[in-house]
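Below is the file data.cif, which contains mmCIF, C-alpha atoms and all ligand atoms.
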data_target
loop_
_atom_site.group_PDB
_atom_site.id
_atom_site.type_symbol
_atom_site.label_atom_id
_atom_site.label_comp_id
_atom_site.auth_asym_id
_atom_site.auth_seq_id
_atom_site.Cartn_x
_atom_site.Cartn_y
_atom_site.Cartn_z
ATOM 1 C CA MET S 1 25.493 -32.395 -9.921
ATOM 2 C CA ASP S 2 28.592 -30.212 -9.771
ATOM 3 C CA GLY S 3 28.340 -27.583 -7.087
ATOM 4 C CA PHE S 4 25.731 -29.450 -5.051
ATOM 5 C CA VAL S 5 25.726 -32.131 -2.392
ATOM 6 C CA VAL S 6 22.631 -34.320 -2.534
ATOM 7 C CA VAL S 7 22.047 -35.949 0.841
ATOM 8 C CA ASP S 8 18.374 -36.841 0.385
ATOM 9 C CA PRO S 9 17.304 -37.752 -3.204
ATOM 10 C CA ARG S 10 14.471 -35.166 -2.905
ATOM 11 C CA PHE S 11 17.098 -32.431 -3.089
ATOM 12 C CA ALA S 12 17.848 -33.201 -6.757
ATOM 13 C CA ALA S 13 14.409 -31.805 -7.671
ATOM 14 C CA MET S 14 14.833 -28.705 -5.477
ATOM 15 C CA VAL S 15 17.841 -27.294 -7.321
ATOM 16 C CA LEU S 16 18.664 -26.825 -10.992
ATOM 17 C CA PRO S 17 21.838 -28.593 -12.128
ATOM 18 C CA ASN S 18 21.961 -26.346 -15.213
ATOM 19 C CA ALA S 19 21.678 -23.106 -13.192
ATOM 20 C CA PRO S 20 25.132 -21.861 -12.223
ATOM 21 C CA LEU S 21 26.144 -20.050 -9.074
ATOM 22 C CA GLU S 22 26.494 -16.475 -10.343
ATOM 23 C CA LEU S 23 28.817 -13.832 -8.917
ATOM 24 C CA LEU S 24 26.814 -10.583 -8.783
ATOM 25 C CA GLY S 25 29.355 -8.369 -7.043
ATOM 26 C CA GLU S 26 32.631 -8.390 -5.135
ATOM 27 C CA GLY S 27 35.047 -6.100 -3.317
ATOM 28 C CA PHE S 28 32.901 -5.751 -0.214
ATOM 29 C CA ARG S 29 34.176 -6.347 3.340
ATOM 30 C CA TRP S 30 31.506 -8.500 5.008
ATOM 31 C CA LEU S 31 28.015 -8.870 3.627
ATOM 32 C CA GLU S 32 24.814 -9.414 5.581
ATOM 33 C CA GLY S 33 21.161 -8.405 5.675
ATOM 34 C CA PRO S 34 19.874 -9.305 2.180
ATOM 35 C CA VAL S 35 16.254 -8.232 1.578
ATOM 36 C CA TRP S 36 14.302 -8.463 -1.679
ATOM 37 C CA PHE S 37 11.989 -5.707 -2.955
ATOM 38 C CA ALA S 38 9.783 -7.554 -5.442
ATOM 39 C CA ASP S 39 7.977 -4.366 -6.442
ATOM 40 C CA HIS S 40 11.276 -2.875 -7.648
ATOM 41 C CA GLN S 41 13.197 -6.102 -8.445
ATOM 42 C CA VAL S 42 15.921 -4.779 -6.139
ATOM 43 C CA LEU S 43 18.037 -6.470 -3.492
ATOM 44 C CA LEU S 44 19.334 -4.381 -0.614
ATOM 45 C CA PHE S 45 22.145 -5.792 1.552
ATOM 46 C CA SER S 46 24.493 -4.608 4.290
ATOM 47 C CA ASP S 47 28.261 -4.277 3.866
ATOM 48 C CA VAL S 48 28.725 -4.186 7.634
ATOM 49 C CA PRO S 49 32.361 -3.082 8.228
ATOM 50 C CA ASN S 50 32.111 -0.556 5.370
ATOM 51 C CA ASP S 51 29.097 0.974 7.129
ATOM 52 C CA ARG S 52 26.893 1.015 4.049
ATOM 53 C CA ILE S 53 23.764 -0.534 2.609
ATOM 54 C CA MET S 54 24.195 -1.624 -1.006
ATOM 55 C CA ARG S 55 21.640 -1.996 -3.769
ATOM 56 C CA TRP S 56 21.699 -4.633 -6.510
ATOM 57 C CA THR S 57 19.608 -4.659 -9.682
ATOM 58 C CA GLU S 58 20.157 -6.434 -13.002
ATOM 59 C CA GLU S 59 22.014 -3.246 -14.023
ATOM 60 C CA GLY S 60 24.613 -3.646 -11.275
ATOM 61 C CA VAL S 61 25.527 -2.637 -7.728
ATOM 62 C CA SER S 62 25.307 0.857 -6.235
ATOM 63 C CA THR S 63 25.311 2.392 -2.761
ATOM 64 C CA PHE S 64 21.865 2.760 -1.204
ATOM 65 C CA ARG S 65 22.891 4.399 2.097
ATOM 66 C CA ALA S 66 26.239 5.411 3.630
ATOM 67 C CA PRO S 67 26.911 5.828 6.469
ATOM 68 C CA ALA S 68 24.322 3.297 7.566
ATOM 69 C CA GLN S 69 24.746 2.994 11.369
ATOM 70 C CA PHE S 70 26.575 -0.317 10.730
ATOM 71 C CA SER S 71 23.447 -2.084 9.541
ATOM 72 C CA ASN S 72 23.150 -5.853 9.715
ATOM 73 C CA GLY S 73 19.989 -7.964 9.264
ATOM 74 C CA GLN S 74 17.095 -6.543 7.268
ATOM 75 C CA THR S 75 13.546 -7.391 6.255
ATOM 76 C CA ARG S 76 10.332 -5.639 5.183
ATOM 77 C CA ASP S 77 7.203 -5.129 7.200
ATOM 78 C CA ARG S 78 3.704 -5.885 5.915
ATOM 79 C CA GLN S 79 3.454 -2.345 4.545
ATOM 80 C CA GLY S 80 6.619 -2.912 2.530
ATOM 81 C CA ARG S 81 8.849 -0.664 4.639
ATOM 82 C CA LEU S 82 12.499 -1.535 5.169
ATOM 83 C CA ILE S 83 13.315 -2.790 8.690
ATOM 84 C CA THR S 84 17.019 -2.696 9.589
ATOM 85 C CA CYS S 85 19.095 -3.884 12.550
ATOM 86 C CA SER S 86 21.809 -1.395 13.494
ATOM 87 C CA HIS S 87 24.948 -2.301 15.418
ATOM 88 C CA HIS S 88 26.196 1.250 15.955
ATOM 89 C CA GLY S 89 22.755 2.642 16.755
ATOM 90 C CA ARG S 90 22.048 -0.399 18.947
ATOM 91 C CA CYS S 91 18.541 -0.363 17.585
ATOM 92 C CA VAL S 92 15.973 -1.660 15.133
ATOM 93 C CA MET S 93 14.925 1.028 12.711
ATOM 94 C CA ARG S 94 12.382 1.507 9.953
ATOM 95 C CA THR S 95 12.772 3.488 6.741
ATOM 96 C CA GLU S 96 9.499 5.217 5.952
ATOM 97 C CA ILE S 97 8.134 5.443 2.424
ATOM 98 C CA ASP S 98 9.281 9.084 2.336
ATOM 99 C CA GLY S 99 12.822 8.112 3.378
ATOM 100 C CA ARG S 100 12.733 9.212 7.017
ATOM 101 C CA ILE S 101 14.402 6.799 9.418
ATOM 102 C CA MET S 102 12.530 5.939 12.626
ATOM 103 C CA VAL S 103 14.051 4.126 15.606
ATOM 104 C CA LEU S 104 11.530 1.439 16.607
ATOM 105 C CA ALA S 105 13.393 -0.067 19.587
ATOM 106 C CA ASP S 106 16.701 0.801 21.239
ATOM 107 C CA ARG S 107 16.108 0.046 24.940
ATOM 108 C CA PHE S 108 14.578 -2.559 27.175
ATOM 109 C CA GLU S 109 13.555 -1.455 30.683
ATOM 110 C CA GLY S 110 15.802 1.608 30.375
ATOM 111 C CA ARG S 111 18.936 -0.277 29.290
ATOM 112 C CA ARG S 112 20.405 -0.053 25.815
ATOM 113 C CA LEU S 113 20.047 -3.004 23.489
ATOM 114 C CA ASN S 114 23.320 -4.707 22.535
ATOM 115 C CA SER S 115 23.493 -4.782 18.740
ATOM 116 C CA PRO S 116 20.384 -6.145 17.016
ATOM 117 C CA ASN S 117 21.575 -8.721 14.497
ATOM 118 C CA ASP S 118 18.679 -10.073 12.473
ATOM 119 C CA VAL S 119 14.974 -9.436 12.170
ATOM 120 C CA VAL S 120 11.778 -10.967 10.818
ATOM 121 C CA VAL S 121 8.186 -9.695 10.679
ATOM 122 C CA LYS S 122 5.213 -11.942 11.447
ATOM 123 C CA SER S 123 1.911 -11.668 9.545
ATOM 124 C CA ASP S 124 0.328 -9.868 12.520
ATOM 125 C CA GLY S 125 2.911 -7.092 12.075
ATOM 126 C CA SER S 126 4.994 -7.949 15.141
ATOM 127 C CA ILE S 127 8.743 -7.581 14.650
ATOM 128 C CA TRP S 128 11.012 -10.301 16.078
ATOM 129 C CA PHE S 129 14.741 -9.723 16.386
ATOM 130 C CA THR S 130 17.878 -11.115 18.003
ATOM 131 C CA ASP S 131 20.152 -8.977 20.183
ATOM 132 C CA PRO S 132 23.594 -10.535 20.679
ATOM 133 C CA PRO S 133 26.608 -8.327 21.517
ATOM 134 C CA PHE S 134 28.503 -9.178 18.294
ATOM 135 C CA GLY S 135 28.280 -5.633 16.907
ATOM 136 C CA ILE S 136 29.641 -3.959 20.039
ATOM 137 C CA ASN S 137 32.473 -6.411 20.674
ATOM 138 C CA THR S 138 34.670 -4.736 18.038
ATOM 139 C CA ASP S 139 35.172 -1.408 16.325
ATOM 140 C CA TYR S 140 35.170 -3.295 13.025
ATOM 141 C CA GLU S 141 31.464 -4.128 13.093
ATOM 142 C CA GLY S 142 30.000 -1.115 14.865
ATOM 143 C CA GLY S 143 32.085 0.210 17.750
ATOM 144 C CA LYS S 144 33.317 -1.300 21.002
ATOM 145 C CA GLN S 145 30.853 -0.631 23.784
ATOM 146 C CA ALA S 146 29.775 -2.389 26.954
ATOM 147 C CA ALA S 147 26.748 -4.674 26.872
ATOM 148 C CA GLU S 148 23.936 -3.647 29.200
ATOM 149 C CA LEU S 149 21.574 -6.568 28.605
ATOM 150 C CA PRO S 150 21.783 -10.345 28.142
ATOM 151 C CA ALA S 151 21.628 -11.693 24.603
ATOM 152 C CA ARG S 152 17.966 -12.334 23.858
ATOM 153 C CA VAL S 153 15.258 -12.672 21.239
ATOM 154 C CA TYR S 154 12.656 -9.881 21.446
ATOM 155 C CA ARG S 155 9.176 -9.309 20.036
ATOM 156 C CA LEU S 156 8.156 -5.745 19.216
ATOM 157 C CA ASP S 157 4.415 -5.212 18.911
ATOM 158 C CA GLY S 158 2.676 -2.581 16.816
ATOM 159 C CA ASP S 159 2.015 -0.449 19.901
ATOM 160 C CA GLY S 160 5.766 -0.203 20.585
ATOM 161 C CA ARG S 161 5.782 -2.683 23.472
ATOM 162 C CA LEU S 162 8.978 -4.722 23.624
ATOM 163 C CA THR S 163 8.763 -8.224 25.147
ATOM 164 C CA ILE S 164 11.388 -10.902 25.778
ATOM 165 C CA ALA S 165 10.559 -13.816 23.465
ATOM 166 C CA ALA S 166 13.461 -16.053 24.547
ATOM 167 C CA ASP S 167 16.355 -15.419 26.894
ATOM 168 C CA ASP S 168 18.225 -18.706 27.295
ATOM 169 C CA PHE S 169 20.527 -18.050 24.366
ATOM 170 C CA ASP S 170 24.259 -18.027 23.917
ATOM 171 C CA GLY S 171 24.529 -15.722 20.929
ATOM 172 C CA PRO S 172 21.174 -15.732 19.070
ATOM 173 C CA ASN S 173 21.674 -14.743 15.439
ATOM 174 C CA GLY S 174 19.443 -15.387 12.386
ATOM 175 C CA LEU S 175 15.755 -16.229 12.577
ATOM 176 C CA CYS S 176 12.752 -17.154 10.434
ATOM 177 C CA PHE S 177 9.215 -18.451 10.822
ATOM 178 C CA SER S 178 7.908 -21.653 9.267
ATOM 179 C CA PRO S 179 5.447 -20.903 6.409
ATOM 180 C CA ASP S 180 2.412 -21.395 8.695
ATOM 181 C CA GLU S 181 4.120 -19.422 11.507
ATOM 182 C CA SER S 182 3.619 -22.289 13.942
ATOM 183 C CA ARG S 183 7.390 -22.402 14.504
ATOM 184 C CA LEU S 184 10.205 -19.928 14.950
ATOM 185 C CA TYR S 185 13.703 -21.070 14.014
ATOM 186 C CA VAL S 186 16.621 -19.211 15.606
ATOM 187 C CA THR S 187 20.299 -19.826 15.008
ATOM 188 C CA GLU S 188 22.650 -19.820 17.961
ATOM 189 C CA THR S 189 26.297 -19.129 17.266
ATOM 190 C CA GLY S 190 27.650 -18.893 20.809
ATOM 191 C CA ARG S 191 30.183 -16.394 22.038
ATOM 192 C CA GLN S 192 32.213 -14.412 19.547
ATOM 193 C CA PHE S 193 35.905 -15.405 19.626
ATOM 194 C CA ALA S 194 35.065 -18.691 21.357
ATOM 195 C CA ALA S 195 37.243 -21.591 20.249
ATOM 196 C CA GLU S 196 34.126 -23.461 19.101
ATOM 197 C CA PRO S 197 30.941 -21.860 17.738
ATOM 198 C CA ARG S 198 27.584 -23.281 18.870
ATOM 199 C CA ARG S 199 26.638 -24.247 15.235
ATOM 200 C CA CYS S 200 23.034 -24.767 16.282
ATOM 201 C CA ILE S 201 19.606 -24.035 14.843
ATOM 202 C CA ARG S 202 16.958 -24.118 17.549
ATOM 203 C CA VAL S 203 13.201 -24.385 17.059
ATOM 204 C CA PHE S 204 10.388 -22.941 19.170
ATOM 205 C CA GLU S 205 6.687 -23.781 18.830
ATOM 206 C CA LEU S 206 4.455 -20.722 19.013
ATOM 207 C CA GLY S 207 1.692 -20.738 21.615
ATOM 208 C CA GLY S 208 -1.995 -20.528 20.711
ATOM 209 C CA ASP S 209 -1.850 -16.745 21.134
ATOM 210 C CA GLY S 210 0.631 -16.578 18.259
ATOM 211 C CA GLN S 211 2.859 -14.375 20.412
ATOM 212 C CA SER S 212 4.591 -16.534 23.015
ATOM 213 C CA LEU S 213 7.185 -19.224 22.448
ATOM 214 C CA GLY S 214 7.294 -22.662 24.004
ATOM 215 C CA PRO S 215 10.626 -24.010 25.240
ATOM 216 C CA GLY S 216 13.249 -24.205 22.520
ATOM 217 C CA ARG S 217 14.993 -27.369 21.483
ATOM 218 C CA ASP S 218 18.039 -28.062 19.359
ATOM 219 C CA PHE S 219 16.820 -28.685 15.821
ATOM 220 C CA HIS S 220 19.909 -29.065 13.657
ATOM 221 C CA ARG S 221 23.675 -28.758 13.996
ATOM 222 C CA VAL S 222 25.332 -27.007 11.068
ATOM 223 C CA GLU S 223 28.802 -28.060 10.023
ATOM 224 C CA PRO S 224 31.261 -26.874 8.765
ATOM 225 C CA GLY S 225 31.155 -23.316 10.003
ATOM 226 C CA PHE S 226 27.938 -22.265 11.712
ATOM 227 C CA ALA S 227 24.403 -21.145 10.960
ATOM 228 C CA ASP S 228 23.953 -17.366 10.700
ATOM 229 C CA GLY S 229 21.071 -16.139 8.504
ATOM 230 C CA ILE S 230 18.257 -18.588 7.627
ATOM 231 C CA ARG S 231 15.145 -18.560 5.400
ATOM 232 C CA CYS S 232 12.231 -20.954 4.844
ATOM 233 C CA ASP S 233 10.823 -22.037 1.506
ATOM 234 C CA GLU S 234 7.111 -22.584 0.855
ATOM 235 C CA GLU S 235 7.385 -26.291 1.661
ATOM 236 C CA GLY S 236 8.874 -25.637 5.087
ATOM 237 C CA HIS S 237 12.509 -26.483 4.375
ATOM 238 C CA ILE S 238 15.023 -24.317 6.208
ATOM 239 C CA TRP S 239 17.847 -22.882 4.092
ATOM 240 C CA SER S 240 20.819 -21.987 6.239
ATOM 241 C CA SER S 241 24.104 -20.189 5.767
ATOM 242 C CA ALA S 242 27.109 -22.413 6.512
ATOM 243 C CA GLY S 243 30.870 -22.545 6.207
ATOM 244 C CA ASP S 244 30.802 -24.320 2.842
ATOM 245 C CA GLY S 245 27.706 -22.771 1.299
ATOM 246 C CA VAL S 246 23.966 -23.004 1.830
ATOM 247 C CA HIS S 247 22.455 -26.039 3.545
ATOM 248 C CA CYS S 248 18.873 -27.188 3.048
ATOM 249 C CA ILE S 249 17.311 -28.807 6.120
ATOM 250 C CA GLY S 250 13.976 -30.608 6.212
ATOM 251 C CA PRO S 251 11.213 -29.735 8.717
ATOM 252 C CA ASP S 252 12.268 -32.925 10.543
ATOM 253 C CA GLY S 253 15.731 -31.461 11.166
ATOM 254 C CA ALA S 254 17.613 -33.703 8.707
ATOM 255 C CA LEU S 255 20.076 -32.305 6.163
ATOM 256 C CA VAL S 256 18.589 -32.615 2.661
ATOM 257 C CA GLY S 257 21.398 -31.136 0.563
ATOM 258 C CA LYS S 258 23.864 -28.313 0.028
ATOM 259 C CA ILE S 259 24.620 -25.620 -2.512
ATOM 260 C CA LEU S 260 28.389 -25.233 -2.398
ATOM 261 C CA VAL S 261 29.752 -21.673 -2.353
ATOM 262 C CA PRO S 262 33.476 -20.842 -2.483
ATOM 263 C CA SER S 263 33.284 -18.531 0.557
ATOM 264 C CA THR S 264 31.703 -18.639 3.998
ATOM 265 C CA VAL S 265 28.031 -17.698 3.770
ATOM 266 C CA SER S 266 26.563 -15.311 6.327
ATOM 267 C CA ASN S 267 23.016 -14.773 5.116
ATOM 268 C CA ILE S 268 20.617 -15.482 2.267
ATOM 269 C CA ALA S 269 17.312 -14.253 0.830
ATOM 270 C CA PHE S 270 14.896 -15.619 -1.741
ATOM 271 C CA GLY S 271 13.998 -13.138 -4.453
ATOM 272 C CA GLY S 272 13.683 -12.759 -8.172
ATOM 273 C CA ARG S 273 10.480 -12.772 -10.199
ATOM 274 C CA HIS S 274 9.097 -15.903 -8.497
ATOM 275 C CA PHE S 275 11.013 -15.846 -5.183
ATOM 276 C CA SER S 276 12.967 -18.850 -6.443
ATOM 277 C CA ARG S 277 16.300 -17.097 -6.929
ATOM 278 C CA LEU S 278 18.485 -17.421 -3.854
ATOM 279 C CA PHE S 279 20.695 -14.401 -3.114
ATOM 280 C CA ILE S 280 23.742 -15.323 -1.072
ATOM 281 C CA CYS S 281 25.944 -13.059 1.045
ATOM 282 C CA GLY S 282 29.335 -14.757 0.921
ATOM 283 C CA GLY S 283 31.825 -12.666 2.843
ATOM 284 C CA GLN S 284 33.262 -10.194 0.346
ATOM 285 C CA ARG S 285 31.042 -11.393 -2.503
ATOM 286 C CA LEU S 286 27.393 -11.394 -3.463
ATOM 287 C CA TYR S 287 26.176 -14.494 -5.292
ATOM 288 C CA ALA S 288 22.840 -15.761 -6.615
ATOM 289 C CA ILE S 289 21.516 -19.051 -7.909
ATOM 290 C CA TYR S 290 18.159 -20.033 -9.375
ATOM 291 C CA THR S 291 16.474 -22.905 -7.523
ATOM 292 C CA ASN S 292 13.371 -25.028 -8.092
ATOM 293 C CA VAL S 293 11.734 -23.989 -4.807
ATOM 294 C CA ARG S 294 10.075 -20.738 -3.799
ATOM 295 C CA GLY S 295 10.897 -18.824 -0.673
ATOM 296 C CA VAL S 296 8.217 -17.573 1.690
ATOM 297 C CA ALA S 297 7.347 -14.270 0.055
ATOM 298 C CA TRP S 298 6.051 -11.061 1.580
ATOM 299 C CA PRO S 299 4.765 -8.460 1.586
HETATM 300 MG MG MG S 301 23.484 -12.622 11.594
#
Represent the structure contained in this file as structure tokens.
Amino acid sequence: MDGFVVVDPRFAAMVLPNAPLELLGEGFRWLEGPVWFADHQVLLFSDVPNDRIMRWTEEGVSTFRAPAQFSNGQTRDRQGRLITCSHHGRCVMRTEIDGRIMVLADRFEGRRLNSPNDVVVKSDGSIWFTDPPFGINTDYEGGKQAAELPARVYRLDGDGRLTIAADDFDGPNGLCFSPDESRLYVTETGRQFAAEPRRCIRVFELGGDGQSLGPGRDFHRVEPGFADGIRCDEEGHIWSSAGDGVHCIGPDGALVGKILVPSTVSNIAFGGRHFSRLFICGGQRLYAIYTNVRGVAWP
């Protein structure tokens, strides 16, 4: 099984030893925010320091939007619209079907958000996002500015109301729901420029209202590197970015296996015809690999 690390024997049936890691594009600065458009068979992704959103199809890579307000994490809402975190705009924004860009959230109680990093939409339409200061710590990723709020996880409801979902974080980053939405996983990377990253994935149980979170607990420690973007497959495994590739973690928190990638991975997204192709943002390169699992697919 070249290119894989099998920790739990179950992992051998979750990947395809005859499916190579493919290089889809290179020459970027720092990739993030992969989001799959099944209706167009298109992947959009952020090239953060180059301030552009890129577009990949089987025909190749092109620019989707530039400048792009230093976009980072992206997803789609239940109507299929693109939802984008913006460092420079310090906001979460939505691209309408007609191409207009709407700011959905840029303040909490009158203070500016820091630099929304990653975002996920729940089946009830609520938008959950993390707001660490990573994008305003440097000019490289969005522009040096002062933070006005603690780093938090927020929930944005359909009526525009913004609520704190969790606030005991040291650098919240990527996030995803379990397939049944009973759990929210959030990665915690700690302070930028700290000698040691936090390397942690935390898990929160959702309350009976489907809107509030119980207390978080440490779920899994990612090593080497740290966990940034994460995605769940249909069986409830968590696929996490890591320093040596993509790690697959069971719902019990145990490492199941790894897909090795020759560059640090920042974020991933399932896509392709059956949501079984894993697109991988690896620093300056975009990779993909076919797997034998299917990601949680929507819309
Ligand atoms: Mg991130």
At a cut-off of 8 Å, using only C-alpha atoms, what residues contact Val15 in chain S? Leave out same-chain residues fewer than 4 positions from it and give the result as a list in words.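 Here the answer would be Phe11, Tyr290, Thr291, Asn292 and Val293 of chain S.
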To verify the selection step, state as a ChimeraX atom specification which residues the PyMOL selection byres (((chain S and resi 188) around 12) and not hetatm) yields on this input. /S:117-118,130-132,151-153,166-175,185-187,189-192,197-203,216-222,226-230
Quick one: write out the picked residues with C-alpha atoms as a PDB file, keeping the file's coordinate frame?
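And here's selection31.pdb as it stands now:
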ATOM      1  CA  ASN S 117      21.575  -8.721  14.497  1.00  0.00           C
ATOM      2  CA  ASP S 118      18.679 -10.073  12.473  1.00  0.00           C
ATOM      3  CA  THR S 130      17.878 -11.115  18.003  1.00  0.00           C
ATOM      4  CA  ASP S 131      20.152  -8.977  20.183  1.00  0.00           C
ATOM      5  CA  PRO S 132      23.594 -10.535  20.679  1.00  0.00           C
ATOM      6  CA  ALA S 151      21.628 -11.693  24.603  1.00  0.00           C
ATOM      7  CA  ARG S 152      17.966 -12.334  23.858  1.00  0.00           C
ATOM      8  CA  VAL S 153      15.258 -12.672  21.239  1.00  0.00           C
ATOM      9  CA  ALA S 166      13.461 -16.053  24.547  1.00  0.00           C
ATOM     10  CA  ASP S 167      16.355 -15.419  26.894  1.00  0.00           C
ATOM     11  CA  ASP S 168      18.225 -18.706  27.295  1.00  0.00           C
ATOM     12  CA  PHE S 169      20.527 -18.050  24.366  1.00  0.00           C
ATOM     13  CA  ASP S 170      24.259 -18.027  23.917  1.00  0.00           C
ATOM     14  CA  GLY S 171      24.529 -15.722  20.929  1.00  0.00           C
ATOM     15  CA  PRO S 172      21.174 -15.732  19.070  1.00  0.00           C
ATOM     16  CA  ASN S 173      21.674 -14.743  15.439  1.00  0.00           C
ATOM     17  CA  GLY S 174      19.443 -15.387  12.386  1.00  0.00           C
ATOM     18  CA  LEU S 175      15.755 -16.229  12.577  1.00  0.00           C
ATOM     19  CA  TYR S 185      13.703 -21.070  14.014  1.00  0.00           C
ATOM     20  CA  VAL S 186      16.621 -19.211  15.606  1.00  0.00           C
ATOM     21  CA  THR S 187      20.299 -19.826  15.008  1.00  0.00           C
ATOM     22  CA  THR S 189      26.297 -19.129  17.266  1.00  0.00           C
ATOM     23  CA  GLY S 190      27.650 -18.893  20.809  1.00  0.00           C
ATOM     24  CA  ARG S 191      30.183 -16.394  22.038  1.00  0.00           C
ATOM     25  CA  GLN S 192      32.213 -14.412  19.547  1.00  0.00           C
ATOM     26  CA  PRO S 197      30.941 -21.860  17.738  1.00  0.00           C
ATOM     27  CA  ARG S 198      27.584 -23.281  18.870  1.00  0.00           C
ATOM     28  CA  ARG S 199      26.638 -24.247  15.235  1.00  0.00           C
ATOM     29  CA  CYS S 200      23.034 -24.767  16.282  1.00  0.00           C
ATOM     30  CA  ILE S 201      19.606 -24.035  14.843  1.00  0.00           C
ATOM     31  CA  ARG S 202      16.958 -24.118  17.549  1.00  0.00           C
ATOM     32  CA  VAL S 203      13.201 -24.385  17.059  1.00  0.00           C
ATOM     33  CA  GLY S 216      13.249 -24.205  22.520  1.00  0.00           C
ATOM     34  CA  ARG S 217      14.993 -27.369  21.483  1.00  0.00           C
ATOM     35  CA  ASP S 218      18.039 -28.062  19.359  1.00  0.00           C
ATOM     36  CA  PHE S 219      16.820 -28.685  15.821  1.00  0.00           C
ATOM     37  CA  HIS S 220      19.909 -29.065  13.657  1.00  0.00           C
ATOM     38  CA  ARG S 221      23.675 -28.758  13.996  1.00  0.00           C
ATOM     39  CA  VAL S 222      25.332 -27.007  11.068  1.00  0.00           C
ATOM     40  CA  PHE S 226      27.938 -22.265  11.712  1.00  0.00           C
ATOM     41  CA  ALA S 227      24.403 -21.145  10.960  1.00  0.00           C
ATOM     42  CA  ASP S 228      23.953 -17.366  10.700  1.00  0.00           C
ATOM     43  CA  GLY S 229      21.071 -16.139   8.504  1.00  0.00           C
ATOM     44  CA  ILE S 230      18.257 -18.588   7.627  1.00  0.00           C
TER      45      ILE S 230
END
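Minimum atom-to-atom distance to ligand MG 301 (chain S), evaluated using all atoms listed in the file, belongs to S:Gly135 out of S:Gly250, S:Gly225, S:Gly135, S:Gly207.
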Counting all atoms listed in the file, figure out which residue out of S:Ala242, S:Val7, S:Leu44, S:Leu206 gets nearest to ligand MG 301 (chain S).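 Among the listed residues, S:Ala242 lies closest to ligand MG 301 (chain S).
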Using all atoms listed in the file: which of S:Glu141, S:Glu26, S:Asp98, S:Glu59 has the shortest distance to ligand MG 301 (chain S): S:Glu141
Find the residues near Ile280 in chain S: any atom within 9 Å, counting all atoms listed in the file, skip ones fewer than 5 places away on the same chain, and give them as an NGL selection string. :S and (32 or 34 or 241 or 245-246 or 261 or 265-270 or 285-289)
Hey, what's within 6 Å of Arg231 in chain S if we count only C-alpha atoms and toss same-chain stuff fewer than 2 positions away? As an NGL selection string, please? :S and (176 or 238-239)
